[in-house]
>>> print(open('model.pdb').read())   # PDB, C-alpha atoms, pLDDT in the B column
ATOM      1  CA  MET K   1       0.000   0.000   0.000  1.00 95.00           C
ATOM      2  CA  ARG K   2       1.167   3.494  -0.873  1.00 98.00           C
ATOM      3  CA  ILE K   3      -0.230   6.897   0.029  1.00 98.00           C
ATOM      4  CA  VAL K   4       0.302   9.690  -2.490  1.00 98.00           C
ATOM      5  CA  GLY K   5      -0.517  13.230  -1.412  1.00 98.00           C
ATOM      6  CA  ILE K   6      -1.504  15.845  -3.968  1.00 98.00           C
ATOM      7  CA  LEU K   7      -1.760  19.562  -3.269  1.00 98.00           C
ATOM      8  CA  LEU K   8      -3.309  22.081  -5.667  1.00 97.00           C
ATOM      9  CA  VAL K   9      -2.995  25.701  -4.559  1.00 97.00           C
ATOM     10  CA  ARG K  10      -3.166  29.291  -5.714  1.00 96.00           C
ATOM     11  CA  ASN K  11      -2.050  32.127  -3.402  1.00 96.00           C
ATOM     12  CA  GLU K  12      -1.900  30.180  -0.131  1.00 96.00           C
ATOM     13  CA  ASP K  13       1.478  31.250   1.284  1.00 97.00           C
ATOM     14  CA  LEU K  14       0.411  31.785   4.917  1.00 97.00           C
ATOM     15  CA  PHE K  15      -0.370  28.167   5.825  1.00 97.00           C
ATOM     16  CA  VAL K  16       0.729  25.998   2.902  1.00 98.00           C
ATOM     17  CA  GLU K  17       4.089  25.049   4.421  1.00 98.00           C
ATOM     18  CA  ARG K  18       2.432  23.798   7.598  1.00 98.00           C
ATOM     19  CA  ALA K  19      -0.172  21.948   5.524  1.00 98.00           C
ATOM     20  CA  VAL K  20       2.555  20.040   3.663  1.00 98.00           C
ATOM     21  CA  ARG K  21       4.814  19.418   6.653  1.00 98.00           C
ATOM     22  CA  ASN K  22       1.980  17.928   8.693  1.00 98.00           C
ATOM     23  CA  ALA K  23       1.051  15.532   5.882  1.00 98.00           C
ATOM     24  CA  ILE K  24       4.511  14.597   4.605  1.00 97.00           C
ATOM     25  CA  ASP K  25       5.273  11.672   6.952  1.00 97.00           C
ATOM     26  CA  PHE K  26       1.849  10.168   6.272  1.00 98.00           C
ATOM     27  CA  CYS K  27       2.659   9.964   2.555  1.00 98.00           C
ATOM     28  CA  ASP K  28       5.112   7.904   0.506  1.00 98.00           C
ATOM     29  CA  GLU K  29       5.052  10.555  -2.206  1.00 98.00           C
ATOM     30  CA  PHE K  30       3.793  14.129  -2.283  1.00 98.00           C
ATOM     31  CA  ILE K  31       2.875  16.029  -5.464  1.00 98.00           C
ATOM     32  CA  ALA K  32       2.708  19.819  -5.013  1.00 98.00           C
ATOM     33  CA  VAL K  33       1.014  21.809  -7.796  1.00 98.00           C
ATOM     34  CA  ASP K  34       0.912  25.593  -8.003  1.00 98.00           C
ATOM     35  CA  ASN K  35      -1.828  27.102 -10.173  1.00 96.00           C
ATOM     36  CA  GLY K  36      -0.356  30.514 -11.009  1.00 96.00           C
ATOM     37  CA  SER K  37       0.215  32.006  -7.562  1.00 97.00           C
ATOM     38  CA  ASP K  38       1.212  35.665  -7.299  1.00 97.00           C
ATOM     39  CA  ASP K  39       2.342  35.495  -3.664  1.00 97.00           C
ATOM     40  CA  ASN K  40       5.159  33.357  -2.187  1.00 98.00           C
ATOM     41  CA  THR K  41       3.341  30.018  -2.503  1.00 98.00           C
ATOM     42  CA  ALA K  42       5.503  28.687  -5.347  1.00 98.00           C
ATOM     43  CA  SER K  43       8.702  29.628  -3.505  1.00 98.00           C
ATOM     44  CA  VAL K  44       7.542  27.773  -0.399  1.00 98.00           C
ATOM     45  CA  LEU K  45       6.750  24.656  -2.416  1.00 98.00           C
ATOM     46  CA  ARG K  46      10.070  24.768  -4.259  1.00 98.00           C
ATOM     47  CA  LYS K  47      11.853  24.948  -0.905  1.00 98.00           C
ATOM     48  CA  LEU K  48       9.981  21.910   0.375  1.00 98.00           C
ATOM     49  CA  ALA K  49      10.761  19.966  -2.814  1.00 98.00           C
ATOM     50  CA  SER K  50      14.441  20.806  -2.309  1.00 98.00           C
ATOM     51  CA  GLU K  51      14.280  19.711   1.326  1.00 98.00           C
ATOM     52  CA  TYR K  52      12.539  16.415   0.484  1.00 98.00           C
ATOM     53  CA  PRO K  53      13.916  15.559  -2.994  1.00 97.00           C
ATOM     54  CA  SER K  54      13.006  11.876  -2.790  1.00 97.00           C
ATOM     55  CA  LYS K  55       9.422  12.544  -1.712  1.00 98.00           C
ATOM     56  CA  VAL K  56       8.114  15.962  -2.808  1.00 98.00           C
ATOM     57  CA  SER K  57       7.810  16.945  -6.464  1.00 98.00           C
ATOM     58  CA  PHE K  58       6.876  20.487  -7.508  1.00 98.00           C
ATOM     59  CA  HIS K  59       4.760  21.264 -10.581  1.00 98.00           C
ATOM     60  CA  THR K  60       3.071  24.293 -12.106  1.00 97.00           C
ATOM     61  CA  ALA K  61      -0.273  24.166 -13.891  1.00 96.00           C
ATOM     62  CA  LYS K  62      -1.928  26.847 -15.983  1.00 94.00           C
ATOM     63  CA  HIS K  63      -5.259  25.016 -15.681  1.00 94.00           C
ATOM     64  CA  PRO K  64      -6.377  23.221 -12.475  1.00 94.00           C
ATOM     65  CA  GLY K  65      -7.413  20.174 -14.493  1.00 94.00           C
ATOM     66  CA  ALA K  66      -3.772  19.426 -15.295  1.00 96.00           C
ATOM     67  CA  SER K  67      -3.334  18.307 -11.684  1.00 97.00           C
ATOM     68  CA  HIS K  68      -5.544  15.278 -12.330  1.00 97.00           C
ATOM     69  CA  ASP K  69      -3.136  14.036 -15.002  1.00 97.00           C
ATOM     70  CA  LEU K  70      -0.471  13.653 -12.301  1.00 98.00           C
ATOM     71  CA  ILE K  71      -2.510  11.043 -10.399  1.00 98.00           C
ATOM     72  CA  ALA K  72      -4.607   9.354 -13.123  1.00 98.00           C
ATOM     73  CA  GLY K  73      -1.920   6.702 -13.661  1.00 97.00           C
ATOM     74  CA  PHE K  74      -2.335   5.373 -10.117  1.00 98.00           C
ATOM     75  CA  ALA K  75      -5.756   3.908 -10.988  1.00 98.00           C
ATOM     76  CA  GLY K  76      -5.816   0.135 -10.484  1.00 98.00           C
ATOM     77  CA  THR K  77      -2.826   0.127  -8.128  1.00 98.00           C
ATOM     78  CA  PRO K  78      -2.740  -0.318  -4.316  1.00 98.00           C
ATOM     79  CA  THR K  79      -2.527   3.450  -3.843  1.00 98.00           C
ATOM     80  CA  TRP K  80      -4.494   5.856  -1.695  1.00 98.00           C
ATOM     81  CA  ILE K  81      -4.635   9.418  -3.027  1.00 98.00           C
ATOM     82  CA  PHE K  82      -4.663  12.044  -0.267  1.00 98.00           C
ATOM     83  CA  GLY K  83      -5.980  15.417  -1.412  1.00 98.00           C
ATOM     84  CA  VAL K  84      -4.566  18.295   0.630  1.00 98.00           C
ATOM     85  CA  ASP K  85      -5.430  21.978   0.326  1.00 96.00           C
ATOM     86  CA  GLY K  86      -3.412  24.976   1.460  1.00 97.00           C
ATOM     87  CA  ASP K  87      -5.918  25.736   4.212  1.00 96.00           C
ATOM     88  CA  GLU K  88      -6.085  22.157   5.558  1.00 98.00           C
ATOM     89  CA  ILE K  89      -3.884  21.474   8.579  1.00 98.00           C
ATOM     90  CA  TYR K  90      -3.954  17.811   9.616  1.00 98.00           C
ATOM     91  CA  ASP K  91      -2.900  16.457  12.986  1.00 98.00           C
ATOM     92  CA  PRO K  92       0.404  14.663  12.236  1.00 97.00           C
ATOM     93  CA  GLN K  93       0.398  12.535  15.395  1.00 95.00           C
ATOM     94  CA  TRP K  94      -3.026  11.087  14.653  1.00 97.00           C
ATOM     95  CA  LEU K  95      -2.172  10.604  10.979  1.00 98.00           C
ATOM     96  CA  GLU K  96       0.435   8.064  12.124  1.00 97.00           C
ATOM     97  CA  LYS K  97      -2.362   6.035  13.718  1.00 97.00           C
ATOM     98  CA  MET K  98      -4.512   6.458  10.623  1.00 98.00           C
ATOM     99  CA  ARG K  99      -1.730   5.079   8.450  1.00 98.00           C
ATOM    100  CA  ARG K 100      -1.416   1.980  10.638  1.00 98.00           C
ATOM    101  CA  ARG K 101      -5.154   1.380  10.272  1.00 98.00           C
ATOM    102  CA  MET K 102      -4.861   1.684   6.500  1.00 98.00           C
ATOM    103  CA  GLU K 103      -1.838  -0.630   6.342  1.00 98.00           C
ATOM    104  CA  ALA K 104      -3.805  -3.217   8.326  1.00 98.00           C
ATOM    105  CA  GLY K 105      -6.418  -3.236   5.547  1.00 97.00           C
ATOM    106  CA  GLU K 106      -9.265  -1.739   7.580  1.00 98.00           C
ATOM    107  CA  PHE K 107     -10.438   0.404   4.648  1.00 98.00           C
ATOM    108  CA  ASP K 108      -9.606  -1.839   1.682  1.00 98.00           C
ATOM    109  CA  ALA K 109     -13.283  -2.290   0.786  1.00 98.00           C
ATOM    110  CA  ASP K 110     -13.957   1.463   0.787  1.00 98.00           C
ATOM    111  CA  TRP K 111     -13.686   3.898  -2.112  1.00 98.00           C
ATOM    112  CA  MET K 112     -13.489   7.099  -0.101  1.00 98.00           C
ATOM    113  CA  ILE K 113     -12.738   8.099   3.496  1.00 98.00           C
ATOM    114  CA  LEU K 114     -14.094  11.276   5.089  1.00 98.00           C
ATOM    115  CA  GLY K 115     -12.707  12.448   8.421  1.00 98.00           C
ATOM    116  CA  ASN K 116     -13.383  14.943  11.186  1.00 98.00           C
ATOM    117  CA  ALA K 117     -12.871  18.640  10.554  1.00 98.00           C
ATOM    118  CA  LEU K 118     -13.147  21.966  12.351  1.00 98.00           C
ATOM    119  CA  ASN K 119     -13.967  24.858  10.019  1.00 98.00           C
ATOM    120  CA  VAL K 120     -11.943  27.526  11.758  1.00 98.00           C
ATOM    121  CA  ARG K 121     -13.153  31.086  12.321  1.00 97.00           C
ATOM    122  CA  ARG K 122     -10.517  32.043  14.891  1.00 97.00           C
ATOM    123  CA  LEU K 123      -7.009  30.715  15.485  1.00 97.00           C
ATOM    124  CA  ASP K 124      -5.147  31.804  18.621  1.00 97.00           C
ATOM    125  CA  ASN K 125      -1.527  30.661  18.362  1.00 93.00           C
ATOM    126  CA  VAL K 126      -0.683  32.046  21.803  1.00 94.00           C
ATOM    127  CA  ALA K 127      -3.457  30.263  23.677  1.00 96.00           C
ATOM    128  CA  LYS K 128      -3.159  27.316  21.215  1.00 97.00           C
ATOM    129  CA  VAL K 129      -6.887  27.285  20.565  1.00 98.00           C
ATOM    130  CA  ALA K 130      -8.947  27.014  17.383  1.00 98.00           C
ATOM    131  CA  GLU K 131     -12.623  27.989  17.271  1.00 98.00           C
ATOM    132  CA  GLY K 132     -15.090  27.038  14.576  1.00 98.00           C
ATOM    133  CA  HIS K 133     -17.798  24.656  13.374  1.00 98.00           C
ATOM    134  CA  GLN K 134     -17.308  20.906  13.363  1.00 98.00           C
ATOM    135  CA  ALA K 135     -18.107  18.263  10.788  1.00 97.00           C
ATOM    136  CA  PRO K 136     -20.668  16.996  11.581  1.00 93.00           C
ATOM    137  CA  PRO K 137     -23.055  18.847  11.402  1.00 95.00           C
ATOM    138  CA  CYS K 138     -21.009  20.522   8.641  1.00 96.00           C
ATOM    139  CA  ARG K 139     -19.975  18.457   5.636  1.00 93.00           C
ATOM    140  CA  SER K 140     -16.521  16.899   5.724  1.00 96.00           C
ATOM    141  CA  MET K 141     -14.019  18.163   3.153  1.00 95.00           C
ATOM    142  CA  THR K 142     -11.189  15.725   3.913  1.00 96.00           C
ATOM    143  CA  LYS K 143     -10.140  13.547   0.975  1.00 95.00           C
ATOM    144  CA  LEU K 144      -8.729  10.000   0.869  1.00 98.00           C
ATOM    145  CA  TYR K 145      -9.462   7.963  -2.284  1.00 98.00           C
ATOM    146  CA  ASN K 146      -8.743   4.259  -2.828  1.00 98.00           C
ATOM    147  CA  PHE K 147      -7.363   4.072  -6.372  1.00 98.00           C
ATOM    148  CA  ASN K 148      -7.223   0.285  -6.096  1.00 98.00           C
ATOM    149  CA  ALA K 149     -11.037   0.417  -6.363  1.00 98.00           C
ATOM    150  CA  ILE K 150     -11.003   1.877  -9.879  1.00 98.00           C
ATOM    151  CA  GLU K 151      -9.809   0.845 -13.310  1.00 98.00           C
ATOM    152  CA  ALA K 152      -9.543   4.393 -14.603  1.00 98.00           C
ATOM    153  CA  TRP K 153     -10.417   8.015 -13.870  1.00 98.00           C
ATOM    154  CA  ARG K 154     -10.745   9.672 -17.247  1.00 95.00           C
ATOM    155  CA  GLY K 155     -10.669  13.374 -17.929  1.00 85.00           C
ATOM    156  CA  PRO K 156     -11.232  16.089 -18.622  1.00 91.00           C
ATOM    157  CA  CYS K 157     -11.405  16.997 -14.934  1.00 94.00           C
ATOM    158  CA  GLU K 158     -11.977  20.393 -13.373  1.00 92.00           C
ATOM    159  CA  GLU K 159      -9.164  19.668 -10.952  1.00 94.00           C
ATOM    160  CA  ARG K 160      -7.281  16.736  -9.381  1.00 96.00           C
ATOM    161  CA  LEU K 161     -10.235  14.983  -7.698  1.00 96.00           C
ATOM    162  CA  HIS K 162     -13.303  16.515  -9.316  1.00 94.00           C
ATOM    163  CA  GLY K 163     -15.036  15.819 -12.613  1.00 94.00           C
ATOM    164  CA  GLY K 164     -14.294  13.321 -15.359  1.00 96.00           C
ATOM    165  CA  GLU K 165     -15.511   9.729 -15.538  1.00 97.00           C
ATOM    166  CA  ILE K 166     -14.600   7.096 -12.937  1.00 98.00           C
ATOM    167  CA  ILE K 167     -14.582   3.431 -14.014  1.00 98.00           C
ATOM    168  CA  PHE K 168     -14.940   1.247 -10.923  1.00 98.00           C
ATOM    169  CA  ARG K 169     -13.624  -2.271 -10.569  1.00 98.00           C
ATOM    170  CA  LYS K 170     -16.101  -5.076  -9.913  1.00 97.00           C
ATOM    171  CA  GLY K 171     -17.454  -4.885  -6.378  1.00 97.00           C
ATOM    172  CA  PHE K 172     -16.818  -1.152  -5.940  1.00 98.00           C
ATOM    173  CA  HIS K 173     -18.980   1.922  -6.522  1.00 98.00           C
ATOM    174  CA  ALA K 174     -19.143   5.599  -5.612  1.00 97.00           C
ATOM    175  CA  MET K 175     -21.311   5.100  -2.532  1.00 97.00           C
ATOM    176  CA  LEU K 176     -18.676   3.067  -0.685  1.00 98.00           C
ATOM    177  CA  ARG K 177     -17.793   5.981   1.578  1.00 97.00           C
ATOM    178  CA  ARG K 178     -16.487   5.631   5.128  1.00 98.00           C
ATOM    179  CA  ASP K 179     -17.857   8.589   7.084  1.00 98.00           C
ATOM    180  CA  LEU K 180     -15.472   8.526  10.024  1.00 98.00           C
ATOM    181  CA  HIS K 181     -16.585  11.990  11.101  1.00 97.00           C
ATOM    182  CA  LYS K 182     -20.095  10.646  11.765  1.00 96.00           C
ATOM    183  CA  ALA K 183     -18.887   7.681  13.810  1.00 96.00           C
ATOM    184  CA  THR K 184     -15.931   9.139  15.723  1.00 96.00           C
ATOM    185  CA  SER K 185     -15.629  12.040  18.141  1.00 96.00           C
ATOM    186  CA  TRP K 186     -13.066  14.780  17.547  1.00 97.00           C
ATOM    187  CA  GLU K 187     -11.067  13.647  20.591  1.00 96.00           C
ATOM    188  CA  GLU K 188     -10.743  10.093  19.240  1.00 96.00           C
ATOM    189  CA  ALA K 189     -10.399  10.892  15.528  1.00 97.00           C
ATOM    190  CA  SER K 190      -7.267   9.591  13.796  1.00 96.00           C
ATOM    191  CA  PHE K 191      -8.130  11.527  10.614  1.00 98.00           C
ATOM    192  CA  ARG K 192      -8.840  15.084  11.717  1.00 98.00           C
ATOM    193  CA  CYS K 193      -8.159  18.474  10.222  1.00 98.00           C
ATOM    194  CA  LEU K 194      -8.251  22.177  11.011  1.00 98.00           C
ATOM    195  CA  HIS K 195      -9.920  23.674   7.929  1.00 98.00           C
ATOM    196  CA  LEU K 196      -8.867  27.338   7.892  1.00 97.00           C
ATOM    197  CA  CYS K 197     -11.522  28.257   5.351  1.00 94.00           C
ATOM    198  CA  PHE K 198     -12.665  31.456   7.090  1.00 95.00           C
ATOM    199  CA  LEU K 199      -9.150  32.843   7.659  1.00 95.00           C
ATOM    200  CA  LYS K 200      -6.847  34.957   5.531  1.00 94.00           C
ATOM    201  CA  ARG K 201      -4.613  32.539   3.581  1.00 95.00           C
ATOM    202  CA  SER K 202      -2.363  34.735   1.442  1.00 96.00           C
ATOM    203  CA  SER K 203      -0.013  37.610   2.254  1.00 96.00           C
ATOM    204  CA  LEU K 204      -1.689  39.452  -0.647  1.00 95.00           C
ATOM    205  CA  GLU K 205      -5.127  39.437   0.968  1.00 93.00           C
ATOM    206  CA  HIS K 206      -6.443  42.522   2.706  1.00 87.00           C
ATOM    207  CA  LYS K 207      -6.847  42.171   6.465  1.00 79.00           C
ATOM    208  CA  ASN K 208     -10.638  42.556   6.254  1.00 77.00           C
ATOM    209  CA  ALA K 209     -11.121  40.634   3.006  1.00 74.00           C
ATOM    210  CA  PRO K 210     -14.085  38.220   2.999  1.00 69.00           C
ATOM    211  CA  PRO K 211     -13.338  34.466   3.137  1.00 71.00           C
ATOM    212  CA  ARG K 212     -12.046  33.161  -0.185  1.00 69.00           C
ATOM    213  CA  LYS K 213     -13.706  30.407  -2.181  1.00 65.00           C
ATOM    214  CA  ASN K 214     -11.556  27.639  -3.612  1.00 62.00           C
ATOM    215  CA  ILE K 215     -11.804  26.395  -7.212  1.00 59.00           C
ATOM    216  CA  MET K 216     -14.762  24.074  -6.744  1.00 53.00           C
ATOM    217  CA  ASP K 217     -16.456  26.409  -4.266  1.00 59.00           C
ATOM    218  CA  ARG K 218     -16.445  29.186  -6.873  1.00 55.00           C
ATOM    219  CA  ARG K 219     -17.867  27.005  -9.634  1.00 57.00           C
ATOM    220  CA  THR K 220     -20.563  25.399  -7.510  1.00 57.00           C
ATOM    221  CA  TRP K 221     -21.492  28.733  -5.958  1.00 53.00           C
ATOM    222  CA  SER K 222     -21.757  30.358  -9.388  1.00 57.00           C
ATOM    223  CA  LEU K 223     -24.114  27.625 -10.615  1.00 59.00           C
ATOM    224  CA  SER K 224     -26.193  27.894  -7.443  1.00 60.00           C
ATOM    225  CA  LYS K 225     -26.333  31.675  -7.857  1.00 60.00           C
ATOM    226  CA  ILE K 226     -27.661  31.365 -11.420  1.00 63.00           C
ATOM    227  CA  VAL K 227     -30.300  28.795 -10.411  1.00 63.00           C
ATOM    228  CA  ARG K 228     -31.482  30.901  -7.474  1.00 56.00           C
ATOM    229  CA  LYS K 229     -31.652  33.992  -9.666  1.00 65.00           C
ATOM    230  CA  LEU K 230     -33.773  32.167 -12.261  1.00 69.00           C
ATOM    231  CA  LEU K 231     -36.067  30.863  -9.523  1.00 67.00           C
ATOM    232  CA  ARG K 232     -36.129  34.298  -7.855  1.00 68.00           C
ATOM    233  CA  ARG K 233     -34.904  32.871  -4.594  1.00 67.00           C
ATOM    234  CA  PRO K 234     -32.706  34.819  -2.155  1.00 62.00           C
ATOM    235  CA  GLN K 235     -28.974  34.355  -2.588  1.00 57.00           C
ATOM    236  CA  VAL K 236     -27.010  32.527   0.112  1.00 64.00           C
ATOM    237  CA  ASP K 237     -23.391  32.525   1.203  1.00 71.00           C
ATOM    238  CA  TRP K 238     -22.348  29.109  -0.030  1.00 77.00           C
ATOM    239  CA  LYS K 239     -19.306  28.819   2.259  1.00 85.00           C
ATOM    240  CA  GLU K 240     -21.444  29.654   5.284  1.00 88.00           C
ATOM    241  CA  GLN K 241     -24.010  27.109   4.149  1.00 85.00           C
ATOM    242  CA  ARG K 242     -21.423  24.334   3.895  1.00 89.00           C
ATOM    243  CA  TYR K 243     -18.975  25.139   6.655  1.00 94.00           C
ATOM    244  CA  GLY K 244     -20.756  27.446   9.099  1.00 95.00           C
ATOM    245  CA  ARG K 245     -23.374  25.082  10.494  1.00 94.00           C
ATOM    246  CA  GLY K 246     -23.868  24.312  14.154  1.00 95.00           C
ATOM    247  CA  ALA K 247     -22.500  25.844  17.312  1.00 96.00           C
ATOM    248  CA  LEU K 248     -19.068  27.396  17.666  1.00 97.00           C
ATOM    249  CA  VAL K 249     -16.719  25.048  19.514  1.00 97.00           C
ATOM    250  CA  GLN K 250     -13.139  25.361  20.725  1.00 98.00           C
ATOM    251  CA  VAL K 251     -10.416  22.722  20.430  1.00 98.00           C
ATOM    252  CA  SER K 252      -6.724  22.666  21.260  1.00 97.00           C
ATOM    253  CA  SER K 253      -4.581  23.480  18.228  1.00 98.00           C
ATOM    254  CA  GLU K 254      -1.277  22.550  19.867  1.00 97.00           C
ATOM    255  CA  SER K 255      -0.775  19.205  18.110  1.00 97.00           C
ATOM    256  CA  PHE K 256      -1.543  20.786  14.715  1.00 98.00           C
ATOM    257  CA  PHE K 257       1.294  23.315  15.009  1.00 96.00           C
ATOM    258  CA  PRO K 258       4.274  21.396  16.427  1.00 91.00           C
ATOM    259  CA  LYS K 259       7.483  23.300  17.032  1.00 82.00           C
TER     260      LYS K 259
END
>>> encode(input="model.pdb", output="structure tokens")
Amino acid sequence: MRIVGILLVRNEDLFVERAVRNAIDFCDEFIAVDNGSDDNTASVLRKLASEYPSKVSFHTAKHPGASHDLIAGFAGTPTWIFGVDGDEIYDPQWLEKMRRRMEAGEFDADWMILGNALNVRRLDNVAKVAEGHQAPPCRSMTKLYNFNAIEAWRGPCEERLHGGEIIFRKGFHAMLRRDLHKATSWEEASFRCLHLCFLKRSSLEHKNAPPRKNIMDRRTWSLSKIVRKLLRRPQVDWKEQRYGRGALVQVSSESFFPK
């Protein structure tokens, strides 16, 4: 079994290094793709590729869909693809336990694994506390895909893990999802993530800039906006709808930001 991480980012220089460093030991290989950043994101990724030459490879892509081409060849092999974003900070200590579970074959019959997440509104690095909304009741955005369950994932794709046509092997299908976030508490979760979706993520962003939407957020939100306009329904903040559900909770962020 191998775990291949793939990162697709654009202007994420504030947290992207921590996102990669926390995931690097969990992975056998890590593919870092920059989609035309104007801030220091590409420089950070080049530095990491230089530091980990046998594990991290750096790529640039003019179109997000090119990132899918870098993982399509793993279809039909005993490989898990781990999608990481520049605002996703995983707990590295618990990822070690998650890897042992995967190596033991616990998830071999699954196509996709979804884990626990906290959609962060406030991060206090002094008090080592993160505050936000948990999944559940929010949707989980964590991404682990079993490429041994498919024969092919054909393009064109909008980005690395969205779009295209998936050809499943016999016995597998798209509904074979393991919703760990619905079965496991945050305190016991071995696959958990601080999702910094409501925070400033680039040094180019204005201090009071509204939360940014990622590639798929923008496209889905645009379609939803058109449909609501045609139906004369009130517009909604799609990020709030997905990631702002439920009560605000606080968790310790200490293990997510090791010295």
>>> closest_residue(input="model.pdb", among="K:Leu204, K:Val20, K:Val120, K:Val249", to="Gly86 (chain K)", atoms="only C-alpha atoms")
K:Val20
>>> residues_around(input="model.pdb", residues="region 160-167 of chain K", least_positions_apart="6", cutoff="8 Å", atoms="only C-alpha atoms", output="list in words")
Ile6, Leu8, Pro64, Gly65, Ala66, Ser67, His68, Asp69, Ile71, Gly83, Ile150, Glu151, Ala152, Trp153 and Arg154 of chain K
>>> write_last_selection(input="model.pdb", atoms="C-alpha atoms", output="mmCIF file, in the coordinates of the input")
data_model
loop_
_atom_site.group_PDB
_atom_site.id
_atom_site.type_symbol
_atom_site.label_atom_id
_atom_site.label_comp_id
_atom_site.auth_asym_id
_atom_site.auth_seq_id
_atom_site.Cartn_x
_atom_site.Cartn_y
_atom_site.Cartn_z
ATOM 1 C CA ILE K 6 -1.504 15.845 -3.968
ATOM 2 C CA LEU K 8 -3.309 22.081 -5.667
ATOM 3 C CA PRO K 64 -6.377 23.221 -12.475
ATOM 4 C CA GLY K 65 -7.413 20.174 -14.493
ATOM 5 C CA ALA K 66 -3.772 19.426 -15.295
ATOM 6 C CA SER K 67 -3.334 18.307 -11.684
ATOM 7 C CA HIS K 68 -5.544 15.278 -12.330
ATOM 8 C CA ASP K 69 -3.136 14.036 -15.002
ATOM 9 C CA ILE K 71 -2.510 11.043 -10.399
ATOM 10 C CA GLY K 83 -5.980 15.417 -1.412
ATOM 11 C CA ILE K 150 -11.003 1.877 -9.879
ATOM 12 C CA GLU K 151 -9.809 0.845 -13.310
ATOM 13 C CA ALA K 152 -9.543 4.393 -14.603
ATOM 14 C CA TRP K 153 -10.417 8.015 -13.870
ATOM 15 C CA ARG K 154 -10.745 9.672 -17.247
#
>>> atom_distance(input="model.pdb", atom1="CA of Gly132 (chain K)", atom2="CA of Gln250 (chain K)")
6.7 Å
>>> resolve_selection(input="model.pdb", expression="the PyMOL selection byres ((chain K and resi 91-94) around 7)", output="PyMOL selection string")
chain K and resi 22-23+89-90+95-98+190-193+255-256
>>> resolve_selection(input="model.pdb", expression="the PyMOL selection byres ((chain K and resi 171) around 10)", output="count of residues only")
9
>>> closest_residue(input="model.pdb", among="K:Val33, K:Ala247, K:Leu114, K:Ile3", to="Arg177 (chain K)", atoms="only C-alpha atoms")
K:Leu114
>>> residues_around(input="model.pdb", residues="Gly246 (chain K)", least_positions_apart="3", cutoff="10 Å", atoms="only C-alpha atoms", output="JSON, numbers by chain")
{"K": [132, 133, 134, 135, 136, 137, 138, 243, 249]}
>>> resolve_selection(input="model.pdb", expression="the PyMOL selection byres ((chain K and resi 179) around 7)", output="number ranges by chain")
K: 113-115, 177-178, 180-183
>>> atom_distance(input="model.pdb", atom1="CA of Arg18 (chain K)", atom2="CA of Phe257 (chain K)")
7.5 Å
